[in-house]
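Colleague: Hey, dropping data_16.txt in here, compact mmCIF, C-alpha atoms and all ligand atoms:
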# COMPACT_ATOMS: atom_id res chain seq x y z
CA ASP A 136 119.34 -163.94 -86.02
CA PRO A 137 120.47 -160.75 -84.23
CA LYS A 138 124.20 -160.07 -84.63
CA LEU A 139 124.78 -158.31 -81.32
CA ASP A 140 123.90 -158.80 -77.70
CA PRO A 141 122.42 -155.86 -75.80
CA PHE A 142 124.75 -153.88 -73.57
CA THR A 143 124.60 -150.98 -71.14
CA THR A 144 127.15 -148.39 -70.10
CA LEU A 145 126.87 -145.42 -67.74
CA LEU A 146 127.42 -141.97 -69.26
CA ASP A 147 128.66 -139.28 -66.88
CA LEU A 148 126.49 -136.39 -68.10
CA LYS A 149 128.99 -133.73 -66.96
CA LEU A 150 132.32 -135.35 -67.89
CA GLY A 151 131.21 -137.30 -70.96
CA THR A 152 132.99 -140.46 -69.83
CA PHE A 153 131.54 -143.98 -70.10
CA ASP A 154 131.78 -146.52 -67.27
CA PRO A 155 132.73 -149.08 -68.29
CA GLU A 156 134.65 -147.64 -71.23
CA ARG A 157 133.50 -149.30 -74.46
CA GLY A 158 136.49 -148.57 -76.68
CA PRO A 159 139.88 -146.84 -76.91
CA VAL A 160 139.78 -143.09 -76.24
CA GLN A 161 141.00 -141.07 -79.25
CA VAL A 162 143.23 -138.13 -78.32
CA ARG A 163 143.74 -135.12 -80.61
CA THR A 164 146.55 -132.64 -79.94
CA GLN A 165 147.36 -129.31 -81.59
CA GLU A 166 149.80 -131.22 -83.81
CA ASP A 167 147.02 -133.58 -84.98
CA LEU A 168 145.11 -130.46 -86.10
CA ARG A 169 147.97 -128.96 -88.12
CA GLY A 170 146.47 -127.76 -91.41
CA PHE A 171 142.98 -127.46 -89.91
CA PHE A 172 143.74 -124.27 -87.95
CA GLN A 173 144.91 -121.26 -90.00
CA ALA A 174 148.01 -120.86 -87.80
CA ASP A 175 150.72 -123.42 -87.07
CA PRO A 176 150.30 -125.06 -83.64
CA PRO A 177 152.22 -123.06 -80.99
CA ARG A 178 152.20 -125.97 -78.47
CA PRO A 179 152.05 -129.16 -80.60
CA ASP A 180 151.75 -131.58 -77.67
CA GLU A 181 148.82 -129.78 -76.01
CA LEU A 182 145.55 -131.73 -75.77
CA VAL A 183 142.69 -130.25 -77.82
CA TYR A 184 140.01 -132.95 -77.59
CA ARG A 185 139.22 -136.55 -76.72
CA VAL A 186 136.59 -138.80 -78.30
CA MET A 187 135.14 -141.64 -76.20
CA PRO A 188 133.57 -144.18 -78.57
CA VAL A 189 130.92 -146.87 -78.18
CA PRO A 190 132.10 -149.07 -81.07
CA VAL A 191 129.60 -151.21 -82.98
CA PRO A 192 129.92 -152.78 -86.44
CA THR A 193 130.22 -150.02 -89.07
CA GLU A 194 127.05 -151.06 -90.82
CA ASN A 195 123.97 -149.22 -91.96
CA SER A 196 121.86 -151.29 -89.56
CA GLU A 197 123.73 -150.06 -86.45
CA ILE A 198 123.99 -146.73 -84.61
CA GLN A 199 127.45 -145.52 -83.57
CA CYS A 200 127.76 -143.13 -80.67
CA SER A 201 130.52 -141.28 -78.84
CA THR A 202 131.16 -138.37 -76.55
CA THR A 203 133.60 -135.57 -77.29
CA VAL A 204 135.39 -133.47 -74.67
CA LEU A 205 136.84 -130.35 -76.31
CA GLU A 206 139.19 -128.29 -74.13
CA PRO A 207 139.02 -124.48 -73.94
CA GLY A 208 141.81 -122.70 -75.80
CA THR A 209 142.90 -121.08 -79.05
CA VAL A 210 145.41 -121.51 -81.86
CA GLY A 211 146.04 -118.01 -83.16
CA ASP A 212 142.61 -116.33 -82.98
CA GLU A 213 140.70 -119.56 -83.62
CA TYR A 214 139.01 -121.32 -80.74
CA TYR A 215 139.83 -124.98 -80.18
CA MET A 216 137.71 -127.08 -82.50
CA THR A 217 137.39 -130.59 -83.91
CA LYS A 218 138.82 -131.42 -87.33
CA GLY A 219 135.33 -131.64 -88.72
CA HIS A 220 134.23 -134.02 -91.44
CA PHE A 221 131.72 -134.95 -94.09
CA HIS A 222 130.43 -138.46 -93.72
CA ALA A 223 132.21 -140.72 -96.21
CA VAL A 224 128.73 -141.93 -97.13
CA ARG A 225 127.46 -138.41 -97.75
CA ASP A 226 123.77 -138.80 -96.94
CA ARG A 227 124.26 -140.24 -93.43
CA SER A 228 122.89 -138.10 -90.60
CA GLU A 229 123.85 -137.49 -86.96
CA ILE A 230 122.43 -136.16 -83.69
CA TYR A 231 124.36 -134.18 -81.04
CA ILE A 232 123.23 -133.65 -77.44
CA GLY A 233 125.03 -130.91 -75.51
CA LEU A 234 126.16 -131.98 -72.00
CA ALA A 235 128.41 -129.17 -70.70
CA GLY A 236 130.15 -125.98 -71.74
CA GLU A 237 129.52 -123.48 -74.49
CA GLY A 238 130.05 -124.33 -78.13
CA CYS A 239 129.24 -123.70 -81.75
CA LEU A 240 128.42 -126.33 -84.31
CA VAL A 241 129.61 -125.15 -87.73
CA LEU A 242 127.95 -126.93 -90.66
CA ALA A 243 128.59 -126.66 -94.39
CA THR A 244 127.40 -128.24 -97.62
CA GLU A 245 129.71 -129.14 -100.48
CA ASP A 246 128.34 -126.24 -102.54
CA GLY A 247 129.38 -123.77 -99.83
CA ARG A 248 126.25 -123.08 -97.77
CA HIS A 249 126.93 -122.83 -94.04
CA ARG A 250 125.14 -122.63 -90.68
CA VAL A 251 126.34 -122.00 -87.11
CA GLU A 252 124.24 -123.59 -84.36
CA PRO A 253 124.73 -123.36 -80.57
CA ILE A 254 125.83 -126.37 -78.48
CA ARG A 255 124.80 -126.11 -74.81
CA GLU A 256 123.68 -128.46 -72.03
CA GLY A 257 120.38 -130.01 -73.09
CA MET A 258 120.42 -128.80 -76.69
CA VAL A 259 119.79 -131.37 -79.42
CA ASN A 260 121.39 -130.57 -82.78
CA TYR A 261 120.32 -132.40 -85.91
CA VAL A 262 123.01 -132.82 -88.58
CA PRO A 263 121.29 -133.80 -91.82
CA GLY A 264 123.07 -135.88 -94.43
CA GLY A 265 125.29 -133.86 -96.76
CA TRP A 266 126.36 -131.34 -94.10
CA ALA A 267 129.98 -131.34 -92.89
CA HIS A 268 130.16 -130.62 -89.16
CA ARG A 269 132.76 -129.21 -86.77
CA SER A 270 132.32 -128.28 -83.11
CA VAL A 271 134.06 -125.27 -81.59
CA ASN A 272 134.57 -124.50 -77.88
CA VAL A 273 133.81 -120.79 -77.44
CA GLY A 274 133.75 -120.92 -73.60
CA ASP A 275 136.20 -121.18 -70.70
CA GLU A 276 135.23 -124.73 -69.67
CA PRO A 277 135.45 -128.04 -71.53
CA LEU A 278 132.71 -128.46 -74.14
CA VAL A 279 131.12 -131.89 -73.75
CA PHE A 280 128.59 -133.45 -76.12
CA PHE A 281 127.16 -136.82 -77.06
CA ALA A 282 126.86 -137.82 -80.73
CA ALA A 283 124.94 -140.66 -82.41
CA TYR A 284 125.21 -141.46 -86.11
CA VAL A 285 124.43 -144.09 -88.71
CA GLY A 286 126.86 -146.99 -88.37
CA ASP A 287 128.35 -146.92 -91.87
CA ALA A 288 128.67 -143.10 -92.08
CA GLY A 289 132.48 -143.00 -91.95
CA HIS A 290 134.63 -139.85 -91.69
CA ASP A 291 135.89 -137.87 -94.70
CA TYR A 292 138.53 -135.51 -93.25
CA ALA A 293 140.46 -135.00 -96.52
CA THR A 294 137.87 -132.67 -98.05
CA ILE A 295 137.97 -130.45 -94.94
CA GLU A 296 141.77 -130.53 -94.78
CA ARG A 297 141.86 -129.33 -98.41
CA ASP A 298 139.02 -126.77 -98.45
CA GLY A 299 138.30 -125.88 -94.80
CA PHE A 300 134.89 -124.55 -93.74
CA PRO A 301 133.37 -121.37 -95.26
CA VAL A 302 133.66 -119.59 -91.88
CA LEU A 303 136.09 -119.41 -88.94
CA VAL A 304 135.09 -118.95 -85.30
CA CYS A 305 137.58 -116.61 -83.61
CA ARG A 306 138.05 -114.94 -80.25
CA GLY A 307 136.96 -111.30 -80.41
CA ASP A 308 137.10 -108.51 -77.80
CA ASP A 309 133.44 -109.11 -76.87
CA GLY A 310 133.25 -112.88 -77.42
CA PRO A 311 133.21 -115.18 -80.41
CA VAL A 312 133.20 -113.72 -83.92
CA VAL A 313 132.28 -115.69 -87.05
CA THR A 314 134.27 -114.49 -90.08
CA ASP A 315 134.60 -115.64 -93.68
CA ASN A 316 137.46 -118.07 -94.19
CA PRO A 317 139.83 -116.31 -96.61
CA HIS A 318 141.26 -119.66 -97.74
CA TYR A 319 137.99 -121.48 -98.42
C1 LIG A 401 131.61 -136.38 -82.54
C2 LIG A 401 131.21 -137.27 -83.69
C3 LIG A 401 132.35 -138.19 -84.03
C4 LIG A 401 133.63 -137.39 -84.26
C5 LIG A 401 133.95 -136.49 -83.08
C6 LIG A 401 135.16 -135.60 -83.28
O1 LIG A 401 131.78 -137.18 -81.41
O2 LIG A 401 130.86 -136.47 -84.79
O3 LIG A 401 132.02 -138.95 -85.17
O4 LIG A 401 134.72 -138.26 -84.53
O5 LIG A 401 132.82 -135.67 -82.83
O6 LIG A 401 135.08 -134.87 -84.49
P1 LIG A 401 136.10 -135.15 -85.70
O7 LIG A 401 136.01 -136.61 -86.05
O8 LIG A 401 135.61 -134.26 -86.80
O9 LIG A 401 137.47 -134.79 -85.24
ZN ZN A 402 129.79 -137.05 -88.16
Write out the structure in this file as structure tokens.
Ligand code: M6P
Ligand code: ZN
Modeller:
Amino acid sequence: DPKLDPFTTLLDLKLGTFDPERGPVQVRTQEDLRGFFQADPPRPDELVYRVMPVPVPTENSEIQCSTTVLEPGTVGDEYYMTKGHFHAVRDRSEIYIGLAGEGCLVLATEDGRHRVEPIREGMVNYVPGGWAHRSVNVGDEPLVFFAAYVGDAGHDYATIERDGFPVLVCRGDDGPVVTDNPHY
């Protein structure tokens, strides 16, 4: 017998909010990202991003989804970004759909390969299993995107907190600059 009943929620394609909300909004401040940015947070209480979840059982048979609203800003030279994670179950994949703003999706494998893909309204990014992923807001407006991923994927933040990503995305004089991470 099916475990779940069908449901429907309305996604605001500009704001990334769900009506009705399906689960508790997760808020991440500069303080929550201490150790992920190179510099210490100058304004610890400042909002960096919110994740609006559509919770379902964390099982391989389900599909989790959420929207992320990443504010514009910087800590040191680094643009506001998500913590980034590998999936705890490494081979689980994910799809992003850009809704608003201008962003970069930084991806990395455990053996140190990396890619930087654009996130924009209407763009669909495929995150294959085995690739850690972090989104970065390189624009002046909130970056909004929708994400869907295998239900039992889980989040491994510890590996990123320890090693970081191979590259940093920083504010340059003529826009975003991708540089090698000296601490990777
Ligand atoms: C996307 C998805 C979520 C993730 C969120 C914020 O919505 O990938 O699974 O939680 O971005 O990213 P992070 O968990 O790395 O802070
Ligand atoms: Zn993920």
Colleague: Please tell me which residues are no farther than 12 Å from (123.8, -132.9, -80.3) in the file, counting only C-alpha atoms, and write them as JSON, numbers by chain.
Modeller: {"A": [200, 201, 202, 203, 228, 229, 230, 231, 232, 233, 234, 235, 238, 239, 240, 252, 253, 254, 255, 256, 257, 258, 259, 260, 261, 262, 263, 268, 269, 270, 278, 279, 280, 281, 282, 283, 284]}
Colleague: Rank nothing, just name the residue among A:Val312, A:Leu242, A:Val273, A:Val160 nearest to Glu206 (chain A), using all atoms listed in the file.
Modeller: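 Among A:Val312, A:Leu242, A:Val273, A:Val160, it is A:Val273 that comes nearest to Glu206 (chain A).
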Colleague: Give the answer as one residue: which of A:Phe142, A:Tyr319, A:Phe221, A:Tyr214 has the shortest atom-to-atom distance to ligand ZN 402 (chain A), using all atoms listed in the file?
Modeller: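 With all atoms listed in the file as the atom set, the closest residue is A:Phe221.
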Colleague: Using only C-alpha atoms, which residues sit within 7 Å of Gly158 (chain A) once same-chain residues fewer than 3 positions away are excluded, as a PDB file with C-alpha atoms, keeping the file's coordinate frame?
Modeller:
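Output below, filename result_8.pdb:
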ATOM      1  CA  PRO A 188     133.570-144.180 -78.570  1.00  0.00           C
ATOM      2  CA  VAL A 189     130.920-146.870 -78.180  1.00  0.00           C
ATOM      3  CA  PRO A 190     132.100-149.070 -81.070  1.00  0.00           C
TER       4      PRO A 190
END
Colleague: Using only C-alpha atoms, which of the listed residues (A:Asp154, A:Glu296, A:Glu213, A:Asp226) sits closest to Gln173 (chain A)?
Modeller: A:Glu213
Colleague: Calculated over all atoms listed in the file, which of the candidates A:Gly219, A:Pro301, A:Pro317, A:Pro311 has the smallest distance to ligand ZN 402 (chain A)?
Modeller: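 The closest residue to ligand ZN 402 (chain A) is A:Gly219.
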Colleague: When you draw a straight line from CA of Arg297 (chain A) to CA of Met187 (chain A), how long is it in Å?
Modeller: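 Computing the Euclidean distance for CA of Arg297 (chain A) and CA of Met187 (chain A) yields 26.3 Å.
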